[in-house]
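Text of query-v6.txt (compact mmCIF, C-alpha atoms) as supplied:
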# COMPACT_ATOMS: atom_id res chain seq x y z
CA MET W 1 -63.61 -44.42 30.03
CA ASN W 2 -61.69 -44.92 26.76
CA LYS W 3 -60.26 -42.11 24.66
CA THR W 4 -60.48 -41.48 20.93
CA ARG W 5 -57.51 -40.74 18.65
CA ASP W 6 -57.89 -36.99 19.25
CA LYS W 7 -57.69 -37.71 23.01
CA ARG W 8 -61.39 -37.12 23.65
CA PHE W 9 -63.23 -39.35 26.11
CA LYS W 10 -65.71 -41.66 24.45
CA LYS W 11 -69.29 -40.96 25.46
CA ASP W 12 -72.66 -41.89 24.06
CA TYR W 13 -74.05 -38.38 23.51
CA SER W 14 -77.77 -38.08 22.96
CA LYS W 15 -79.14 -35.65 20.39
CA ARG W 16 -80.37 -33.45 23.21
CA ASP W 17 -76.86 -33.38 24.75
CA ILE W 18 -75.37 -32.40 21.40
CA LEU W 19 -77.89 -29.62 20.77
CA GLU W 20 -77.28 -28.12 24.22
CA TYR W 21 -73.54 -28.39 23.60
CA ILE W 22 -73.80 -26.55 20.25
CA LYS W 23 -75.88 -23.80 21.87
CA GLY W 24 -73.27 -23.38 24.61
CA VAL W 25 -70.39 -23.15 22.14
CA SER W 26 -72.34 -20.67 20.04
CA LYS W 27 -73.02 -18.49 23.08
CA TYR W 28 -69.32 -18.54 23.99
CA LEU W 29 -68.16 -17.68 20.45
CA GLY W 30 -70.87 -15.13 19.79
CA HIS W 31 -71.74 -16.78 16.48
CA THR W 32 -72.71 -20.12 15.00
CA PRO W 33 -69.76 -22.52 15.34
CA SER W 34 -68.27 -24.01 12.20
CA PHE W 35 -67.39 -27.68 11.68
CA ARG W 36 -63.73 -26.95 12.49
CA GLU W 37 -64.38 -24.61 15.42
CA ILE W 38 -66.39 -27.20 17.32
CA ASP W 39 -63.32 -29.42 17.71
CA ASP W 40 -61.58 -26.72 19.74
CA PHE W 41 -63.97 -27.36 22.63
CA PRO W 42 -64.32 -30.38 24.93
CA GLY W 43 -67.37 -32.44 24.11
CA PRO W 44 -68.73 -34.34 21.11
CA SER W 45 -66.57 -34.00 18.02
CA ALA W 46 -67.81 -32.62 14.72
CA ARG W 47 -67.71 -36.15 13.27
CA THR W 48 -69.89 -37.42 16.12
CA ILE W 49 -72.40 -34.63 15.50
CA VAL W 50 -72.56 -35.48 11.79
CA ARG W 51 -73.05 -39.16 12.56
CA ARG W 52 -75.97 -38.37 14.87
CA PHE W 53 -77.70 -35.82 12.58
CA SER W 54 -76.54 -36.98 9.12
CA TYR W 55 -75.65 -33.39 8.16
CA TRP W 56 -73.79 -30.65 10.01
CA ASN W 57 -76.33 -27.96 9.14
CA ALA W 58 -79.17 -30.23 10.27
CA ALA W 59 -77.71 -30.19 13.79
CA ILE W 60 -77.14 -26.43 13.65
CA LYS W 61 -80.73 -25.79 12.59
CA GLN W 62 -82.19 -28.08 15.21
CA ALA W 63 -80.19 -26.16 17.80
CA GLY W 64 -82.11 -23.07 16.66
CA LEU W 65 -79.06 -21.47 15.05
CA ARG W 66 -78.49 -20.19 11.54
CA PRO W 67 -75.81 -22.02 9.55
CA GLN W 68 -72.80 -19.88 8.68
CA VAL W 69 -73.80 -20.06 5.02
CA LYS W 70 -76.83 -17.95 6.06
CA GLN W 71 -79.43 -20.53 5.11
CA LEU W 72 -83.06 -19.88 5.93
CA LEU W 73 -84.60 -21.59 8.92
CA THR W 74 -87.97 -23.33 9.27
CA GLY W 75 -90.83 -20.91 8.70
CA GLU W 76 -88.66 -18.14 7.23
CA ARG W 77 -89.40 -19.07 3.61
CA THR W 78 -93.10 -18.74 4.37
CA TYR W 79 -92.49 -15.35 5.98
CA ILE W 80 -90.69 -14.13 2.84
CA ARG W 81 -93.42 -15.36 0.53
CA GLU W 82 -96.07 -13.60 2.61
CA ASN W 83 -94.23 -10.29 2.99
CA TRP W 84 -91.93 -9.72 0.01
CA ARG W 85 -94.50 -7.47 -1.73
CA LYS W 86 -95.10 -5.35 1.38
CA MET W 87 -91.51 -5.08 2.64
CA THR W 88 -88.11 -4.41 1.09
CA ASP W 89 -85.44 -7.10 1.13
CA LYS W 90 -83.54 -5.13 3.78
CA LYS W 91 -86.56 -4.97 6.08
CA VAL W 92 -87.28 -8.68 5.68
CA ALA W 93 -83.60 -9.49 6.30
CA LYS W 94 -83.53 -7.33 9.43
CA LYS W 95 -86.67 -9.03 10.73
CA LEU W 96 -85.21 -12.50 10.15
CA GLY W 97 -81.69 -11.64 11.30
CA THR W 98 -79.95 -12.39 8.01
CA THR W 99 -78.65 -10.41 5.01
CA SER W 100 -80.63 -8.88 2.14
CA GLU W 101 -78.51 -10.98 -0.27
CA VAL W 102 -80.01 -14.15 1.24
CA ILE W 103 -83.55 -12.81 0.78
CA LYS W 104 -82.84 -11.77 -2.80
CA TYR W 105 -81.26 -15.16 -3.58
CA TYR W 106 -84.36 -16.95 -2.27
CA ARG W 107 -86.73 -14.72 -4.27
CA MET W 108 -84.76 -15.22 -7.49
CA ASN W 109 -84.75 -19.00 -7.11
CA PHE W 110 -88.47 -19.17 -6.35
CA ASP W 111 -89.54 -16.65 -9.02
CA LEU W 112 -90.57 -13.97 -6.51
CA TRP W 113 -89.41 -11.03 -8.61
CA LYS W 114 -89.85 -7.42 -7.58
CA ASN W 115 -92.00 -5.61 -10.16
CA LYS W 116 -92.16 -8.74 -12.29
CA LYS W 117 -94.38 -11.44 -10.91
CA GLY W 118 -97.93 -10.21 -10.52
CA THR W 119 -100.80 -10.76 -12.91
CA ALA W 120 -98.61 -11.26 -15.99
CA ARG W 121 -99.87 -14.80 -16.41
CA SER W 122 -101.73 -16.43 -19.24
CA THR W 123 -104.93 -16.82 -17.19
CA PHE W 124 -105.33 -13.10 -16.61
CA ARG W 125 -104.24 -12.22 -20.14
CA LYS W 126 -106.89 -14.49 -21.62
CA GLN W 127 -109.45 -12.92 -19.31
CA ALA W 128 -108.44 -9.42 -20.46
CA ILE W 129 -108.75 -10.37 -24.13
CA LYS W 130 -112.12 -11.97 -23.48
CA LEU W 131 -113.35 -8.76 -21.81
CA TYR W 132 -111.89 -6.14 -24.14
CA GLY W 133 -111.36 -7.97 -27.43
CA GLU W 134 -108.36 -8.82 -29.58
CA SER W 135 -107.97 -5.36 -31.16
CA CYS W 136 -106.25 -2.28 -29.76
CA GLU W 137 -108.80 -0.20 -27.90
CA SER W 138 -107.14 2.97 -29.13
CA CYS W 139 -106.38 2.47 -32.83
CA GLY W 140 -108.00 -0.88 -33.74
CA VAL W 141 -104.81 -2.75 -34.73
CA LYS W 142 -105.26 -6.48 -34.09
CA PHE W 143 -101.67 -7.25 -33.04
CA CYS W 144 -102.06 -6.44 -29.34
CA GLU W 145 -100.58 -6.54 -25.87
CA TRP W 146 -102.04 -6.45 -22.38
CA HIS W 147 -101.55 -3.28 -20.32
CA HIS W 148 -102.17 -2.43 -16.64
CA PHE W 149 -103.17 1.08 -15.57
CA VAL W 150 -102.27 0.03 -12.05
CA PRO W 151 -99.14 -2.20 -11.91
CA ARG W 152 -99.85 -5.86 -11.06
CA SER W 153 -103.53 -5.12 -10.43
CA LYS W 154 -105.92 -8.08 -10.53
CA ASP W 155 -108.91 -5.78 -11.04
CA SER W 156 -110.08 -6.06 -14.65
CA ASN W 157 -111.08 -2.36 -14.57
CA ASP W 158 -107.35 -1.58 -14.42
CA TRP W 159 -106.59 -3.47 -17.65
CA CYS W 160 -106.78 -2.66 -21.34
CA ILE W 161 -105.71 -4.10 -24.70
CA LEU W 162 -103.25 -2.00 -26.74
CA CYS W 163 -101.11 -2.48 -29.82
CA PRO W 164 -97.31 -2.24 -29.37
CA THR W 165 -97.24 1.39 -30.57
CA CYS W 166 -99.99 2.58 -28.23
CA HIS W 167 -98.55 0.49 -25.42
CA ALA W 168 -95.12 2.09 -25.91
CA ALA W 169 -96.64 5.58 -25.91
CA VAL W 170 -98.22 4.87 -22.52
CA THR W 171 -95.29 3.06 -20.86
CA ARG W 172 -92.83 5.73 -22.06
CA ARG W 173 -95.15 8.36 -20.62
CA LEU W 174 -95.66 10.16 -23.94
CA VAL W 175 -99.33 10.14 -22.97
CA LYS W 176 -100.63 10.01 -19.42
CA VAL W 177 -103.22 7.24 -19.30
CA GLU W 178 -104.42 6.40 -15.78
CA ARG W 179 -107.91 4.99 -16.39
CA ARG W 180 -109.96 3.44 -19.16
CA SER W 181 -111.63 6.71 -20.13
CA ASP W 182 -108.18 8.14 -20.98
CA ILE W 183 -107.82 5.65 -23.85
CA HIS W 184 -110.30 7.58 -26.01
CA SER W 185 -109.87 11.06 -24.58
CA LYS W 186 -106.04 11.18 -24.55
CA LEU W 187 -104.38 8.18 -26.19
CA ALA W 188 -106.47 7.89 -29.35
CA PRO W 189 -105.97 11.58 -30.39
CA PHE W 190 -102.22 11.27 -29.76
CA VAL W 191 -101.93 8.14 -31.89
CA GLN W 192 -104.05 9.61 -34.69
CA LYS W 193 -101.72 12.59 -34.82
CA LEU W 194 -98.74 10.25 -34.80
CA TYR W 195 -100.06 8.15 -37.70
CA SER W 196 -101.04 11.25 -39.69
CA GLY W 197 -97.37 11.86 -40.38
CA ILE W 198 -96.93 8.48 -42.08
CA LYS W 199 -97.62 7.80 -45.75
CA PHE W 200 -97.84 4.15 -46.76
CA ASN W 201 -96.40 3.17 -50.12
CA SER W 202 -97.35 -0.31 -51.40
CA ASP W 203 -94.11 -0.57 -53.43
CA ASN W 204 -91.47 0.73 -51.04
CA GLY W 205 -93.08 0.24 -47.65
CA SER W 206 -93.78 3.28 -45.55
CA SER W 207 -92.22 6.70 -45.83
CA TYR W 208 -92.38 9.53 -43.31
CA THR W 209 -93.37 13.10 -44.09
Give the structure from the file, written as structure tokens.
Amino acid sequence: MNKTRDKRFKKDYSKRDILEYIKGVSKYLGHTPSFREIDDFPGPSARTIVRRFSYWNAAIKQAGLRPQVKQLLTGERTYIRENWRKMTDKKVAKKLGTTSEVIKYYRMNFDLWKNKKGTARSTFRKQAIKLYGESCESCGVKFCEWHHFVPRSKDSNDWCILCPTCHAAVTRRLVKVERRSDIHSKLAPFVQKLYSGIKFNSDNGSSYT
């Protein structure tokens, strides 16, 4: 049997042979072997593995191991997408056997933002305006924004239309508004009192008393 330049015996390794070999080296090292580490063991060289699988990480993944760069394996992306709302990044990472940084990186690149992505989409906003009108439900101003009583809720009963001022009063917790009935019983009186301290002057804009 001939030898290669690095004094290894030439052998026509099958993909199955290579995968079993990688698993054995990984078990011996206690971690996923790197491209350079694999050449310290007798068997197929790193170059041979790359030739058979096209990419180093492709061989590592097919061996059921996680690449040292902590990439996600088959099915793990789906698991994250199904559980990121219900579990913290640390819990998901612990379940998958990786780091929370990997989970966060995946979420950021696929627009899975904590406390950001929910119903804040044009479809739901248009639906809210269609249901509750284009004017603020508290003060009647027509320059309005969409507000959720319950964060990210898809239930239209948890929505309302407010102007920037009324919206700010609610989000900054100047007024506690938890349901639609609170718009008229709590928010409207607060805003009326707020506007009562403003005198509008057509020449110089508004002045405060």
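Comparing W:Thr32, W:Asp182, W:Ser156, W:His147 by their smallest distance to Ala168 (chain W), the closest is W:His147 (using all atoms listed in the file).
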Check: In Å to one decimal, how far is CA of Lys126 (chain W) from CA of Phe143 (chain W)?
Finding: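 So the answer is 14.5 Å.
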Please define a box with edges along x, y and z of the file around all atoms of region 136-145 of chain W given in the file, extend it by 3 Å on each side, and return its centre and edge lengths in Å to one decimal, as AutoDock Vina command-line options.
--center_x -104.7 --center_y -2.1 --center_z -30.3 --size_x 14.2 --size_y 16.2 --size_z 14.9
Note to self: So that I can see what lies close to Ala46 (chain W), please list as a list in words the residues with an atom at most 12 Å from it, counting all atoms listed in the file and leaving out residues fewer than 5 positions away in the same chain.
What the structure shows: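 Here the qualifying residues turn out to be Asp6, Arg8, Ile18, Tyr21, Ile22, Pro33, Ser34, Phe35, Arg36, Glu37, Ile38, Asp39, Asp40, Phe41, Arg51, Arg52, Phe53, Ser54, Tyr55, Trp56, Asn57, Ala59 and Ile60 of chain W.
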Next item on the list: Can you work out the spacing between CA of Gln127 (chain W) and CA of Arg173 (chain W) in Å, to one decimal?
Entry: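 Between CA of Gln127 (chain W) and CA of Arg173 (chain W) the gap works out to 25.7 Å.
With CA of His148 (chain W) on one side and CA of Tyr106 (chain W) on the other, the separation reads 27.1 Å.
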Notebook entry, point to check: Between W:Ala128, W:Cys160, W:Leu72, W:Ile103, which is the closest to Ser181 (chain W) once you count all atoms listed in the file?
Noted result: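 Smallest separation from Ser181 (chain W) among the options: W:Cys160.
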Note to self: Please list as a PyMOL selection string every residue within 10 Å of Asn157 (chain W), counting only C-alpha atoms and excluding residues in the same chain fewer than 2 positions away.
What the structure shows: chain W and resi 128+131+148-150+153-155+159-160+179-180
Could you give me region 74-107 of chain W completed to N, CA and C atoms, formatted as a short mmCIF file (atom, residue, chain, number, x, y, z; two decimals), in the coordinates of the input?
data_model
loop_
_atom_site.label_atom_id
_atom_site.label_comp_id
_atom_site.auth_asym_id
_atom_site.auth_seq_id
_atom_site.Cartn_x
_atom_site.Cartn_y
_atom_site.Cartn_z
N THR W 74 -86.58 -22.90 9.41
CA THR W 74 -87.97 -23.33 9.27
C THR W 74 -88.93 -22.16 9.50
N GLY W 75 -89.83 -21.97 8.58
CA GLY W 75 -90.83 -20.91 8.70
C GLY W 75 -90.42 -19.60 8.05
N GLU W 76 -89.11 -19.41 7.79
CA GLU W 76 -88.66 -18.14 7.23
C GLU W 76 -89.00 -18.01 5.74
N ARG W 77 -89.00 -19.12 5.03
CA ARG W 77 -89.40 -19.07 3.61
C ARG W 77 -90.86 -18.62 3.50
N THR W 78 -91.69 -19.14 4.37
CA THR W 78 -93.10 -18.74 4.37
C THR W 78 -93.24 -17.26 4.67
N TYR W 79 -92.44 -16.77 5.61
CA TYR W 79 -92.49 -15.35 5.98
C TYR W 79 -92.12 -14.47 4.77
N ILE W 80 -91.10 -14.89 4.02
CA ILE W 80 -90.69 -14.13 2.84
C ILE W 80 -91.80 -14.12 1.80
N ARG W 81 -92.38 -15.27 1.55
CA ARG W 81 -93.42 -15.36 0.53
C ARG W 81 -94.65 -14.53 0.89
N GLU W 82 -94.90 -14.37 2.17
CA GLU W 82 -96.07 -13.60 2.61
C GLU W 82 -95.80 -12.09 2.69
N ASN W 83 -94.53 -11.70 2.75
CA ASN W 83 -94.23 -10.29 2.99
C ASN W 83 -93.35 -9.61 1.95
N TRP W 84 -92.88 -10.34 0.93
CA TRP W 84 -91.93 -9.72 0.01
C TRP W 84 -92.53 -8.56 -0.80
N ARG W 85 -93.86 -8.58 -1.01
CA ARG W 85 -94.50 -7.47 -1.73
C ARG W 85 -94.64 -6.24 -0.84
N LYS W 86 -94.83 -6.46 0.46
CA LYS W 86 -95.10 -5.35 1.38
C LYS W 86 -93.84 -4.76 1.99
N MET W 87 -92.74 -5.52 1.98
CA MET W 87 -91.51 -5.08 2.64
C MET W 87 -90.34 -5.17 1.68
N THR W 88 -89.33 -4.33 1.89
CA THR W 88 -88.11 -4.41 1.09
C THR W 88 -87.28 -5.59 1.57
N ASP W 89 -86.31 -5.99 0.74
CA ASP W 89 -85.44 -7.10 1.13
C ASP W 89 -84.68 -6.78 2.42
N LYS W 90 -84.28 -5.52 2.58
CA LYS W 90 -83.54 -5.13 3.78
C LYS W 90 -84.40 -5.27 5.03
N LYS W 91 -85.67 -4.88 4.92
CA LYS W 91 -86.56 -4.97 6.08
C LYS W 91 -86.84 -6.42 6.45
N VAL W 92 -87.05 -7.27 5.42
CA VAL W 92 -87.28 -8.68 5.68
C VAL W 92 -86.03 -9.31 6.32
N ALA W 93 -84.85 -8.95 5.78
CA ALA W 93 -83.60 -9.49 6.30
C ALA W 93 -83.39 -9.07 7.76
N LYS W 94 -83.68 -7.82 8.06
CA LYS W 94 -83.53 -7.33 9.43
C LYS W 94 -84.47 -8.07 10.38
N LYS W 95 -85.68 -8.32 9.91
CA LYS W 95 -86.67 -9.03 10.73
C LYS W 95 -86.23 -10.47 11.01
N LEU W 96 -85.61 -11.11 10.01
CA LEU W 96 -85.21 -12.50 10.15
C LEU W 96 -83.79 -12.67 10.69
N GLY W 97 -83.05 -11.55 10.77
CA GLY W 97 -81.69 -11.64 11.30
C GLY W 97 -80.69 -12.21 10.32
N THR W 98 -80.88 -11.92 9.03
CA THR W 98 -79.95 -12.39 8.01
C THR W 98 -79.60 -11.22 7.10
N THR W 99 -79.04 -11.48 5.93
CA THR W 99 -78.65 -10.41 5.01
C THR W 99 -79.66 -10.28 3.87
N SER W 100 -79.70 -9.10 3.26
CA SER W 100 -80.63 -8.88 2.14
C SER W 100 -80.25 -9.74 0.94
N GLU W 101 -78.96 -10.12 0.83
CA GLU W 101 -78.51 -10.98 -0.27
C GLU W 101 -79.18 -12.35 -0.18
N VAL W 102 -79.36 -12.85 1.05
CA VAL W 102 -80.01 -14.15 1.24
C VAL W 102 -81.47 -14.06 0.80
N ILE W 103 -82.14 -12.98 1.15
CA ILE W 103 -83.55 -12.81 0.78
C ILE W 103 -83.68 -12.71 -0.74
N LYS W 104 -82.80 -11.93 -1.35
CA LYS W 104 -82.84 -11.77 -2.80
C LYS W 104 -82.57 -13.09 -3.50
N TYR W 105 -81.60 -13.87 -2.99
CA TYR W 105 -81.26 -15.16 -3.58
C TYR W 105 -82.47 -16.09 -3.53
N TYR W 106 -83.17 -16.10 -2.40
CA TYR W 106 -84.36 -16.95 -2.27
C TYR W 106 -85.44 -16.52 -3.25
N ARG W 107 -85.69 -15.21 -3.36
CA ARG W 107 -86.73 -14.72 -4.27
C ARG W 107 -86.42 -15.09 -5.71
#
